[in-house]
Amino acid sequence: MKTLMLIMMMVISPVVLAMTPEDTLFNNPASPWFGAKNPRLTIVSFTDYNCPYCKQFDPMLEKVAKENPDIKVVIKLLPFRGASSIIAGRAAMTVWEQHPEKFLVVHQRLMSKKGQHDEASALEAVKYAGLEPIRVTPASYLELKTNVEIAEVLGIQGTPATIIGDQLIAGAISREDLQKVVKEQLAKAKHDQA
């Protein structure tokens, strides 16, 4: 993981340059997250609202966070699947900026849609969360761009991609494998913090 952190310092984004590599990945206030406020283990999920594998894998991450009060999950939206991924990602990022308490509802709604998103489905997810229509912000685009830059530096070529402790996992894995990796990384984190 230390090698990954050193490589990340090469990313050019002004947002990333203003933070340490660790903060860029794990503690960037512009990145949505859920779970523990003071985690022993942080999971970073690179995901796309149009990715069918992400739509299956993401609910497993939510369940793992609910079952483990020592875990935080950071969402790094990657618009790998075209313009509609950018539309959905920007809507979700704008909700995070303006109404972070509603982000998870919007995120879950966007993940639950079968097929590709469009502007109407992104607006519907925002409305479903009880919010008025939003106007996407420039910061939402900058955060998506930063996530793409981070993914390029880390060699991530698709979604989902997940960092759990010191492991980068490409693709979706089974619930059993996810639980096994989380258990191992939590034990390692507890040992390292002791």
# chains A, B, ... in the order shown; residues from 1 in each chain; ligands from 1
>>> residues_around(residues="range 56-67 of chain A", least_positions_apart="6", cutoff="9 Å", atoms="only C-alpha atoms", output="VMD selection string")
chain A and resid 34 to 36 43 45 47 73 108 111 to 112 160 171 to 175 178 to 179 182
>>> select_by_dssp(residues="range 31-192 of chain A", states="helix (DSSP H, G or I)", output="count of residues only")
90
>>> select_by_dssp(residues="range 68-143 of chain A", states="strand (DSSP E)", output="CSV table (one decimal) with C-alpha atoms, in the first residue's frame")
chain,number,residue,atom,x,y,z
A,71,ILE,CA,-15.4,0.0,9.0
A,72,LYS,CA,-15.8,3.1,6.8
A,73,VAL,CA,-16.6,2.8,3.1
A,74,VAL,CA,-15.4,5.7,0.8
A,75,ILE,CA,-17.1,6.0,-2.6
A,76,LYS,CA,-14.9,7.0,-5.6
A,77,LEU,CA,-17.3,7.4,-8.5
>>> atom_distance(atom1="CA of Ile86 in chain A", atom2="CA of Asp48 in chain A")
9.0 Å
>>> closest_residue(among="A:Ile156, A:Leu25, A:Leu41, A:Leu104", to="Ala125 in chain A", atoms="only C-alpha atoms")
A:Leu104
>>> residues_around(residues="Ala139 in chain A", least_positions_apart="5", cutoff="9 Å", atoms="only C-alpha atoms", output="count of residues only")
6
>>> residues_around(residues="Ala120 in chain A", least_positions_apart="6", cutoff="10 Å", atoms="only C-alpha atoms", output="list in words")
Ile87, Ala88 and Val126 of chain A
